[in-house]
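Following: one structure in structure tokens, then a few remarks.
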Amino acid sequence: MVHQRFSTNTFPTWQLAHPYRMICHNGEINTVRGNVNWMNARESVLRSDLFGEDLAKIFPVIRPGGSDTACLDNAVELLTLAGRELPHVMAMLIPEAWDADTTMPDDKRAFYEYHASLMEPWDGPAAVAFTDGKWLGADARS
């Protein structure tokens, strides 16, 4: 994926260069500070039979000092490596506006209600593209 971006609110530095490993987006993630804090808080309850005590080697899940894109990319990577397919992960992290949509099918609403109890939305990107080499997707909001 390639995304041309012009920084409007930060001085460009290599440390803030967008990784574009699994996602790229246009627009700011407005909730990034809270999202990062919640991801950090969850580290104490993460468990893996496969990795056992070695799981701590992946902490912090969200690399400190990264751009909003890098933070979201870190969360996407964790959830996909934990076994969820990329479209599922993206619907968890950047859900559509569902709570006031009276026309949404019940099964779709149930998906969003369930995942809202597990993960806060990463709110703000106007458009996002994502891939893991198997899946390729995009979403744009107006």
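Every chain in the structure tokens has a letter given in the order shown (A, B, ...), and although residue numbers restart at 1 in each chain, ligands are simply numbered from 1 in the order shown.
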
**OP:** Give the helix (DSSP H, G or I) residues of region 4-135 of chain A, as DSSP finds them on the backbone, and put them as a VMD selection string.
**Re:** chain A and resid 14 to 16 32 to 45 52 to 58 68 to 81 86 to 93 106 to 116

Subject >> Shell of 9 Å around Leu78 (chain A), only C-alpha atoms, local chain residues under 5 positions omitted, as a PyMOL selection string >> reply: chain A and resi 61+73+83

**OP:** Name the closest residue to Ala97 (chain A) among the candidates A:Ala56, A:Glu85, A:Tyr114, A:Arg141; distances are taken between atoms, counting only C-alpha atoms.
**Re:** A:Arg141
